[in-house]
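Okay, my_file-v6.cif now, which holds mmCIF, C-alpha atoms:
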```
data_run
#
loop_
_atom_site.label_atom_id
_atom_site.label_comp_id
_atom_site.auth_asym_id
_atom_site.auth_seq_id
_atom_site.Cartn_x
_atom_site.Cartn_y
_atom_site.Cartn_z
CA MET U 1 49.66 153.26 26.03
CA PHE U 2 51.84 152.35 29.02
CA ASP U 3 51.74 148.68 29.99
CA PRO U 4 52.07 148.42 33.80
CA GLY U 5 53.18 144.81 33.41
CA TRP U 6 56.17 145.69 31.22
CA ASN U 7 59.59 145.47 32.83
CA PRO U 8 62.74 146.52 30.93
CA LEU U 9 64.72 143.90 32.86
CA HIS U 10 62.69 141.01 31.41
CA GLY U 11 64.39 139.14 28.64
CA VAL U 12 67.89 140.45 29.31
CA SER U 13 70.32 138.60 27.09
CA SER U 14 72.89 136.34 28.72
CA TYR U 15 76.36 137.68 29.27
CA PRO U 16 78.73 136.20 26.65
CA ALA U 17 81.11 133.72 28.27
CA GLU U 18 84.06 134.92 26.21
CA ARG U 19 83.76 138.38 27.82
CA TYR U 20 84.39 137.06 31.33
CA GLY U 21 88.05 136.78 30.44
CA VAL U 22 88.12 140.36 29.17
CA LEU U 23 86.55 141.51 32.43
CA ALA U 24 89.14 139.59 34.43
CA ASP U 25 91.96 141.21 32.48
CA ARG U 26 90.50 144.68 33.04
CA ILE U 27 90.26 144.01 36.78
CA GLY U 28 93.82 142.72 36.73
CA GLY U 29 94.79 146.09 35.29
CA ILE U 30 93.07 147.90 38.16
CA LEU U 31 94.90 145.69 40.66
CA MET U 32 98.16 145.98 38.72
CA SER U 33 98.48 142.22 38.91
CA ARG U 34 99.32 139.37 36.58
CA ASN U 35 98.02 136.81 39.05
CA ASP U 36 94.93 134.76 38.26
CA ILE U 37 91.76 136.87 38.52
CA LEU U 38 88.59 135.11 39.66
CA LEU U 39 85.08 136.53 39.37
CA VAL U 40 82.54 135.77 42.10
CA GLN U 41 78.87 136.23 41.35
CA ALA U 42 78.08 137.65 44.78
CA GLU U 43 78.80 140.59 47.05
CA ALA U 44 82.40 140.75 48.24
CA VAL U 45 81.72 139.28 51.69
CA VAL U 46 81.07 135.97 49.90
CA ALA U 47 84.43 136.20 48.15
CA LEU U 48 86.11 136.89 51.49
CA GLU U 49 84.48 133.88 53.11
CA ALA U 50 85.44 131.77 50.08
CA VAL U 51 89.08 132.74 50.60
CA ALA U 52 88.98 131.78 54.29
CA VAL U 53 87.19 128.49 53.65
CA SER U 54 89.50 127.57 50.76
CA LEU U 55 92.70 128.29 52.68
CA ALA U 56 91.83 126.96 56.13
CA ARG U 57 92.30 123.40 57.32
CA PRO U 58 93.80 121.71 60.40
CA GLY U 59 97.47 122.57 60.66
CA LEU U 60 97.25 125.97 58.97
CA SER U 61 98.43 128.82 61.20
CA ALA U 62 97.10 132.33 60.58
CA LEU U 63 97.72 135.80 61.99
CA ASN U 64 94.50 137.78 61.58
CA ILE U 65 94.52 141.57 62.03
CA VAL U 66 91.16 142.83 63.30
CA THR U 67 90.24 146.48 62.83
CA SER U 68 86.52 145.96 62.11
CA LEU U 69 83.84 143.31 62.20
CA TYR U 70 85.03 142.04 58.80
CA GLY U 71 88.40 141.09 60.23
CA GLY U 72 86.62 139.37 63.09
CA TRP U 73 84.47 137.38 60.66
CA PHE U 74 87.52 136.31 58.67
CA GLY U 75 89.08 134.81 61.78
CA GLN U 76 85.86 132.95 62.59
CA TRP U 77 85.68 131.49 59.08
CA LEU U 78 89.28 130.26 59.34
CA ARG U 79 88.62 128.63 62.74
CA ARG U 80 85.50 126.81 61.50
CA ARG U 81 87.70 124.91 59.04
CA GLY U 82 90.22 123.98 61.73
CA ALA U 83 92.94 126.60 61.28
CA VAL U 84 94.88 127.87 64.28
CA VAL U 85 94.20 131.62 64.35
CA GLN U 86 95.85 134.36 66.37
CA ASP U 87 93.87 137.61 66.26
CA ILE U 88 95.60 140.96 66.74
CA VAL U 89 92.83 143.36 67.67
CA ALA U 90 93.31 147.11 67.32
CA GLU U 91 91.82 149.66 69.69
CA PRO U 92 88.19 150.34 68.67
CA GLY U 93 88.01 152.54 65.59
CA LEU U 94 91.80 152.78 65.20
CA PRO U 95 94.30 151.26 62.76
CA ILE U 96 96.62 148.50 63.86
CA GLU U 97 100.04 149.56 65.09
CA ILE U 98 102.86 148.06 63.04
CA GLU U 99 104.80 147.36 66.24
CA ALA U 100 101.99 145.06 67.41
CA VAL U 101 102.19 143.07 64.18
CA ALA U 102 105.98 142.78 64.43
CA ARG U 103 105.77 141.58 68.05
CA ALA U 104 103.18 138.93 67.18
CA LEU U 105 105.25 137.64 64.27
CA ASP U 106 108.44 137.54 66.35
CA ALA U 107 106.88 135.95 69.41
CA GLY U 108 104.79 133.17 67.94
CA PRO U 109 105.37 129.96 66.00
CA HIS U 110 105.59 129.95 62.21
CA ILE U 111 102.66 131.67 60.50
CA ASP U 112 101.36 130.42 57.13
CA VAL U 113 98.89 133.21 56.35
CA LEU U 114 98.48 136.84 57.42
CA ALA U 115 95.13 138.58 56.79
CA VAL U 116 94.39 142.31 56.97
CA VAL U 117 91.83 144.86 55.81
CA HIS U 118 93.47 147.72 53.90
CA ALA U 119 91.03 150.58 54.63
CA GLU U 120 87.93 150.63 56.83
CA SER U 121 84.74 152.40 55.83
CA ALA U 122 83.41 151.58 59.29
CA SER U 123 85.78 154.00 60.99
CA GLY U 124 87.66 155.87 58.26
CA ILE U 125 91.06 154.42 59.12
CA LEU U 126 93.88 153.15 56.92
CA ASN U 127 96.03 150.26 58.06
CA PRO U 128 99.80 150.47 57.33
CA LEU U 129 99.59 147.94 54.49
CA PRO U 130 103.04 148.29 52.88
CA GLU U 131 104.78 147.91 56.23
CA ILE U 132 102.64 144.91 57.22
CA LEU U 133 103.27 143.21 53.88
CA ALA U 134 107.01 143.83 54.18
CA LEU U 135 107.04 142.03 57.53
CA ALA U 136 105.14 139.09 56.06
CA ARG U 137 107.26 138.95 52.92
CA ALA U 138 110.49 138.84 54.95
CA ARG U 139 109.16 135.76 56.75
CA GLY U 140 107.75 133.94 53.73
CA ILE U 141 104.15 134.35 54.90
CA ALA U 142 101.27 134.31 52.39
CA THR U 143 99.04 137.39 52.62
CA VAL U 144 95.33 138.05 52.22
CA VAL U 145 94.20 141.66 51.80
CA ASP U 146 90.59 142.80 51.99
CA ALA U 147 90.72 145.74 49.57
CA VAL U 148 86.96 145.97 49.07
CA ALA U 149 86.78 149.53 50.40
CA SER U 150 90.24 150.72 49.44
CA VAL U 151 90.46 149.84 45.74
CA GLY U 152 90.04 153.07 43.79
CA GLY U 153 90.34 155.18 46.92
CA HIS U 154 93.98 154.28 47.51
CA ARG U 155 96.75 153.05 45.27
CA LEU U 156 96.90 149.25 45.29
CA ASP U 157 99.73 147.61 43.34
CA VAL U 158 99.19 143.93 44.08
CA ASP U 159 102.28 142.57 42.34
CA ASP U 160 104.63 145.27 43.59
CA LEU U 161 103.43 144.80 47.17
CA GLY U 162 103.57 141.02 46.87
CA ILE U 163 99.94 140.39 47.87
CA ASP U 164 99.01 136.72 47.46
CA ILE U 165 95.23 137.17 47.59
CA ALA U 166 93.46 140.52 47.18
CA VAL U 167 89.67 140.68 47.38
CA ILE U 168 87.80 143.61 45.86
CA GLY U 169 84.24 144.76 45.33
CA PRO U 170 83.41 147.45 42.80
CA GLN U 171 80.57 149.03 44.79
CA LYS U 172 82.55 151.55 46.84
CA ALA U 173 85.29 153.82 45.49
CA LEU U 174 84.94 152.33 42.00
CA GLY U 175 81.22 153.20 41.89
CA GLY U 176 80.14 149.84 40.43
CA PRO U 177 77.57 147.13 41.23
CA ALA U 178 77.44 145.37 44.60
CA GLY U 179 76.40 141.94 43.35
CA VAL U 180 79.71 140.84 41.86
CA SER U 181 83.25 140.75 43.25
CA ALA U 182 86.73 139.64 42.24
CA LEU U 183 89.99 138.41 43.66
CA SER U 184 93.55 137.91 42.54
CA VAL U 185 95.34 134.68 43.49
CA SER U 186 99.11 134.15 43.34
CA ARG U 187 100.90 130.87 42.63
CA ARG U 188 101.89 130.58 46.29
CA ALA U 189 98.28 131.04 47.36
CA TRP U 190 97.16 128.32 44.94
CA GLU U 191 99.68 125.94 46.51
CA LEU U 192 98.02 126.50 49.89
CA ILE U 193 94.49 126.28 48.49
CA LEU U 194 94.96 123.12 46.40
CA ARG U 195 96.56 120.98 49.08
CA ASP U 196 94.70 117.87 50.27
CA GLY U 197 91.33 118.77 51.72
CA ALA U 198 90.43 121.68 49.44
CA PRO U 199 86.64 122.21 49.57
CA ARG U 200 84.79 121.29 46.39
CA ASP U 201 81.29 121.56 44.93
CA SER U 202 80.60 124.81 46.74
CA ILE U 203 80.12 128.48 45.94
CA LEU U 204 82.86 129.00 48.54
CA SER U 205 85.36 126.81 46.69
CA LEU U 206 88.17 128.69 44.99
CA ALA U 207 89.38 125.33 43.73
CA ASP U 208 86.13 125.03 41.79
CA LEU U 209 86.50 128.55 40.41
CA ARG U 210 90.02 127.70 39.27
CA ALA U 211 88.47 125.26 36.80
CA TRP U 212 87.47 128.34 34.81
CA VAL U 213 91.12 129.39 34.57
CA ASP U 214 92.28 125.85 33.74
CA SER U 215 89.69 125.54 30.96
CA GLY U 216 90.98 128.62 29.18
CA ARG U 217 88.36 130.90 30.78
CA ARG U 218 85.52 129.64 28.58
CA GLY U 219 82.71 130.20 31.08
CA LEU U 220 82.07 130.58 34.77
CA PRO U 221 80.54 127.69 36.72
CA GLY U 222 76.89 128.14 37.59
CA THR U 223 74.21 130.27 36.02
CA PRO U 224 75.54 133.67 34.91
CA ALA U 225 74.15 136.89 36.39
CA PRO U 226 74.08 139.06 33.24
CA LEU U 227 72.80 142.27 34.81
CA GLU U 228 75.66 142.36 37.32
CA PHE U 229 78.30 141.72 34.68
CA PHE U 230 76.87 144.26 32.25
CA ALA U 231 76.84 146.75 35.14
CA LEU U 232 80.46 145.87 35.96
CA GLU U 233 81.41 146.47 32.33
CA ALA U 234 79.77 149.89 32.46
CA ALA U 235 81.60 150.71 35.70
CA LEU U 236 84.93 149.65 34.20
CA ASP U 237 84.21 151.85 31.18
CA ARG U 238 83.76 154.82 33.50
CA ILE U 239 86.88 153.93 35.51
CA GLU U 240 89.04 153.63 32.41
CA ALA U 241 87.65 156.85 30.95
CA GLU U 242 88.48 158.80 34.12
CA GLY U 243 91.73 156.93 34.77
CA LEU U 244 92.43 154.97 37.95
CA GLU U 245 95.13 157.39 39.13
CA ASN U 246 92.66 160.26 38.71
CA ILE U 247 90.08 158.39 40.76
CA VAL U 248 92.57 157.84 43.57
CA THR U 249 93.56 161.52 43.39
CA ARG U 250 89.90 162.56 43.50
CA HIS U 251 89.39 160.57 46.70
CA ALA U 252 92.55 161.96 48.29
CA LEU U 253 91.39 165.49 47.45
CA ALA U 254 87.95 164.87 48.94
CA ALA U 255 89.50 163.52 52.14
CA SER U 256 91.92 166.45 52.43
CA ALA U 257 89.18 169.02 51.81
CA THR U 258 86.89 167.34 54.35
CA ARG U 259 89.56 167.43 57.04
CA ALA U 260 90.36 171.08 56.25
CA GLY U 261 86.69 171.99 56.42
CA LEU U 262 86.15 170.21 59.72
CA THR U 263 89.20 171.86 61.26
CA ALA U 264 88.00 175.30 60.18
CA LEU U 265 84.55 174.43 61.48
CA GLY U 266 86.06 173.86 64.93
CA ALA U 267 85.45 170.11 64.92
CA SER U 268 87.97 167.37 65.62
CA VAL U 269 88.95 164.61 63.22
CA TRP U 270 89.31 161.12 64.64
CA VAL U 271 92.74 160.13 63.29
CA PRO U 272 95.54 162.11 61.63
CA ALA U 273 95.80 162.14 57.85
CA ALA U 274 98.57 159.51 57.76
CA LYS U 275 96.27 157.00 59.47
CA ALA U 276 93.03 158.03 57.74
CA SER U 277 91.42 156.52 54.67
CA ASN U 278 90.33 158.56 51.67
CA LEU U 279 86.86 157.00 51.81
CA VAL U 280 85.14 158.49 54.84
CA THR U 281 86.18 160.94 57.52
CA ALA U 282 85.25 160.12 61.10
CA VAL U 283 84.67 162.79 63.73
CA PRO U 284 84.16 162.20 67.46
CA VAL U 285 80.79 163.47 68.61
CA PRO U 286 81.09 166.18 71.28
CA GLU U 287 80.18 165.16 74.81
CA GLY U 288 76.53 165.59 75.61
CA LEU U 289 75.35 165.22 72.02
CA ALA U 290 73.52 162.20 70.64
CA PRO U 291 74.62 160.96 67.20
CA PRO U 292 71.03 160.18 66.10
CA ALA U 293 70.02 163.81 66.71
CA LEU U 294 72.92 165.07 64.56
CA ILE U 295 72.08 162.56 61.85
CA ALA U 296 68.44 163.64 61.87
CA ALA U 297 69.37 167.33 61.68
CA ALA U 298 71.65 166.73 58.71
CA GLY U 299 68.99 164.56 57.10
CA ARG U 300 66.54 167.47 57.14
CA LEU U 301 69.04 169.24 54.87
CA GLY U 302 69.11 166.24 52.53
CA VAL U 303 72.56 165.07 53.67
CA GLU U 304 73.21 161.57 54.96
CA LEU U 305 75.62 161.28 57.87
CA THR U 306 76.12 157.94 59.63
CA GLU U 307 77.55 156.57 62.85
CA GLY U 308 80.80 154.62 63.00
CA VAL U 309 80.27 150.86 62.92
CA GLY U 310 81.89 148.68 65.58
CA THR U 311 83.79 151.61 67.06
CA ALA U 312 82.37 151.70 70.58
CA PRO U 313 83.19 153.11 73.08
CA ALA U 314 84.31 155.83 70.68
CA ARG U 315 81.31 157.82 69.47
CA LEU U 316 82.05 158.54 65.83
CA MET U 317 80.16 160.18 63.00
CA ARG U 318 81.15 159.43 59.41
CA LEU U 319 81.20 161.89 56.53
CA ASN U 320 81.12 159.80 53.36
CA HIS U 321 83.18 160.83 50.32
CA THR U 322 83.42 157.49 48.55
CA GLY U 323 82.94 156.82 44.84
CA PRO U 324 80.51 159.30 43.27
CA ARG U 325 80.55 161.24 46.57
CA ALA U 326 84.24 162.11 46.21
CA THR U 327 83.36 165.52 44.79
CA PHE U 328 83.47 169.16 45.87
CA GLN U 329 79.67 169.32 46.10
CA ALA U 330 79.38 166.28 48.36
CA VAL U 331 82.27 167.33 50.59
CA LEU U 332 80.84 170.82 51.01
CA SER U 333 77.37 169.45 51.75
CA ASN U 334 78.71 166.97 54.32
CA VAL U 335 80.70 169.53 56.30
CA VAL U 336 78.09 172.29 56.13
CA ALA U 337 75.33 169.89 57.20
CA TYR U 338 77.44 168.64 60.10
CA GLY U 339 78.12 172.23 61.15
CA ALA U 340 74.42 173.08 60.92
CA ALA U 341 73.57 170.02 63.03
CA LEU U 342 76.09 171.09 65.67
CA ARG U 343 74.68 174.62 65.71
CA ARG U 344 71.17 173.28 66.13
CA ALA U 345 72.44 171.37 69.16
CA GLY U 346 73.85 174.56 70.65
CA HIS U 347 77.51 174.25 69.63
CA THR U 348 79.36 177.21 68.17
CA CYS U 349 81.01 176.50 64.82
CA ASP U 350 82.18 178.58 61.88
CA ILE U 351 80.37 177.26 58.83
CA ALA U 352 81.58 180.08 56.61
CA ALA U 353 85.21 179.37 57.50
CA ALA U 354 84.66 175.67 56.81
CA ALA U 355 83.23 176.38 53.37
CA GLU U 356 86.14 178.73 52.62
CA ALA U 357 88.67 176.06 53.68
CA ILE U 358 87.07 173.48 51.42
CA CYS U 359 87.07 175.91 48.50
CA GLU U 360 90.73 176.69 49.15
CA VAL U 361 91.73 173.01 48.96
CA TYR U 362 89.82 172.49 45.73
CA SER U 363 91.12 175.66 44.11
CA ARG U 364 94.81 174.81 44.55
#
```
Show me this structure written as C-alpha cells.
Amino acid sequence: MFDPGWNPLHGVSSYPAERYGVLADRIGGILMSRNDILLVQAEAVVALEAVAVSLARPGLSALNIVTSLYGGWFGQWLRRRGAVVQDIVAEPGLPIEIEAVARALDAGPHIDVLAVVHAESASGILNPLPEILALARARGIATVVDAVASVGGHRLDVDDLGIDIAVIGPQKALGGPAGVSALSVSRRAWELILRDGAPRDSILSLADLRAWVDSGRRGLPGTPAPLEFFALEAALDRIEAEGLENIVTRHALAASATRAGLTALGASVWVPAAKASNLVTAVPVPEGLAPPALIAAAGRLGVELTEGVGTAPARLMRLNHTGPRATFQAVLSNVVAYGAALRRAGHTCDIAAAAEAICEVYSR
C-alpha cells in the first residue's frame, strides 16, 4: 500500500568528501584548466558575488563590461567593497564593441581587474572574449569571466585564453543542477584575493574556500548538499558520455538551424551570427505586436517563448535552444510556434519554408 508520507529524498546518504576532489578535476577538464577549481554550494550568482567580494578592496581598480544586469551587479559588488570601478556599458541587447574596450584601457589609469560576461542568455549575444582577453593580457590585467551561460554552448579553454577567474554553473548548456557552481582561480588571482583585507568567515570568501585546496581537498567547509553533488556527478557523466566538443557542436547546430528557419520564415534575427550566442536566438518583435500576445499564442501550442531581459528599448523575443533544448525537435517547435503566433497576429510568414530550412541545416 502506498504511504503518502514516504519521500524518496529522506535519508539521502552524505556525499563522500573524497569525491569532491574528483568532481573538481572533472570540472577542470571541462574548463581545460589546471588552475585551482573551487566548488560553491549555491547557484552561480553566489559564486560571482563571492569573486567580486573577495577581489575588491580600496585601491583596486576594475574595468567592468556591462552587457546585462549580471555585469551591472558585478560592478555594484566591487564598489561596495571600496574598489574603483569603470563600467563600459554596451547598447541595450548588444555585445560590447572591442574598440570601446581598447579605448577605455588606453585612456584610463592602470587597471587591476577586467570583468566580462562571455555569452548572454538575456539577449542571445556573444561578447568578443578572445579579443578582450588579449587586450587585458597585453597590459598585465587579471581577468574575470562569467561563463555561466556559455560553458558547453561555446568552446572555453581557460588556460589557453589566460583567464584568471572563470565562473560556471552547470544548469544551462551543460544540463545540470542549478544549486551548485564552480570557478577556476589562477595563481595571479590568488595573489589579488589573499592580500591584506581578504574577507573571512563568509560564504562569499574565496580565501575560506581555498582552505579546502590547502588541506589536500579533504572536505568542503560547511554542511554538504549531497543531492546537488550527486546531481552534478550525473550531469558530468552525461557530458563525458556525449563529449564536450559534441555538446558545443550541438549548440552551434541548433543556433544555425534556428537562424536559417527564422530567415526562411520572413523574420529578422537580432544580431548576425558572429555576434550571436549558441544558447538562445533573439528576434525583434514587429511593430504593432505585443510580445505577451505572441508568447501566449506559442504557449497554446506547448512551446515556451520568452522576452529579452534588460534589453529595452529593443523589443526582443527569445527562442531557447540551450542544454537539452539544443535539438532538432526543439528548434523546429520554437520556429514553427513563433511563425504560428505571427500568423495569428495577422503577419504573413512561410512556416513550411522555415521547417524546410531547419531540416536542410540538420541534414547536412
Next item on the list: List the neighbours of Trp73 of chain U out to 10 Å using only C-alpha atoms; skip same-chain residues closer than 3 positions along the sequence, and give me the result as a list of chain:residue names.
Entry: U:Val45, U:Leu48, U:Glu49, U:Ala52, U:Val66, U:Ser68, U:Leu69, U:Tyr70, U:Gln76, U:Trp77, U:Leu78, U:Arg79
Margin query: Could you check the closest approach to Asp237 of chain U for each of U:Ala255, U:Leu342, U:Leu174, U:Ala142 and tell me which residue wins, using all atoms listed in the file?
Written below: U:Leu174
Notebook entry, point to check: Given the file above and the PyMOL selection byres ((chain U and resi 192) around 12), which residues are selected, and can you give them as a PyMOL selection string?
Noted result: chain U and resi 51-57+59-61+112-113+141-143+164-165+185-191+193-198+206-207
Next item on the list: Considering only C-alpha atoms, state which residue in the set U:Leu332, U:Ala312, U:Leu126, U:Ala104 is at the smallest distance from Pro284 of chain U.
Entry: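 For Pro284 of chain U, the nearest of the candidates is U:Ala312.
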Notebook entry, point to check: Of the candidates U:Ala354, U:Leu305, U:Ala330, U:Ala345, which one gets nearest to Ala290 of chain U if we count all atoms listed in the file?
Noted result: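 For Ala290 of chain U, the nearest of the given residues is U:Ala345.
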Could you write segment 226-241 of chain U as a short mmCIF file (atom, residue, chain, number, x, y, z; two decimals), in the coordinates of the input, with N, CA and C atoms rebuilt where they are missing?
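Once everything was written out, this is selection03.cif:
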```cif
data_model
loop_
_atom_site.label_atom_id
_atom_site.label_comp_id
_atom_site.auth_asym_id
_atom_site.auth_seq_id
_atom_site.Cartn_x
_atom_site.Cartn_y
_atom_site.Cartn_z
N PRO U 226 73.72 138.10 34.29
CA PRO U 226 74.08 139.06 33.24
C PRO U 226 73.98 140.51 33.66
N LEU U 227 72.97 140.86 34.44
CA LEU U 227 72.80 142.27 34.81
C LEU U 227 74.01 142.77 35.60
N GLU U 228 74.52 141.95 36.52
CA GLU U 228 75.66 142.36 37.32
C GLU U 228 76.91 142.53 36.45
N PHE U 229 77.10 141.63 35.51
CA PHE U 229 78.30 141.72 34.68
C PHE U 229 78.21 142.85 33.67
N PHE U 230 77.03 143.09 33.11
CA PHE U 230 76.87 144.26 32.25
C PHE U 230 77.12 145.54 33.04
N ALA U 231 76.62 145.57 34.29
CA ALA U 231 76.84 146.75 35.14
C ALA U 231 78.32 146.91 35.47
N LEU U 232 79.02 145.80 35.69
CA LEU U 232 80.46 145.87 35.96
C LEU U 232 81.20 146.39 34.74
N GLU U 233 80.80 145.94 33.56
CA GLU U 233 81.41 146.47 32.33
C GLU U 233 81.25 147.98 32.25
N ALA U 234 80.03 148.45 32.53
CA ALA U 234 79.77 149.89 32.46
C ALA U 234 80.63 150.64 33.48
N ALA U 235 80.77 150.07 34.68
CA ALA U 235 81.60 150.71 35.70
C ALA U 235 83.07 150.76 35.25
N LEU U 236 83.55 149.67 34.67
CA LEU U 236 84.93 149.65 34.20
C LEU U 236 85.13 150.66 33.05
N ASP U 237 84.12 150.82 32.23
CA ASP U 237 84.21 151.85 31.18
C ASP U 237 84.41 153.22 31.79
N ARG U 238 83.63 153.52 32.85
CA ARG U 238 83.76 154.82 33.50
C ARG U 238 85.13 154.96 34.17
N ILE U 239 85.59 153.89 34.82
CA ILE U 239 86.88 153.93 35.51
C ILE U 239 88.01 154.19 34.51
N GLU U 240 87.98 153.48 33.40
CA GLU U 240 89.04 153.63 32.41
C GLU U 240 88.98 154.99 31.73
N ALA U 241 87.77 155.53 31.56
CA ALA U 241 87.65 156.85 30.95
C ALA U 241 88.21 157.93 31.88
#
```
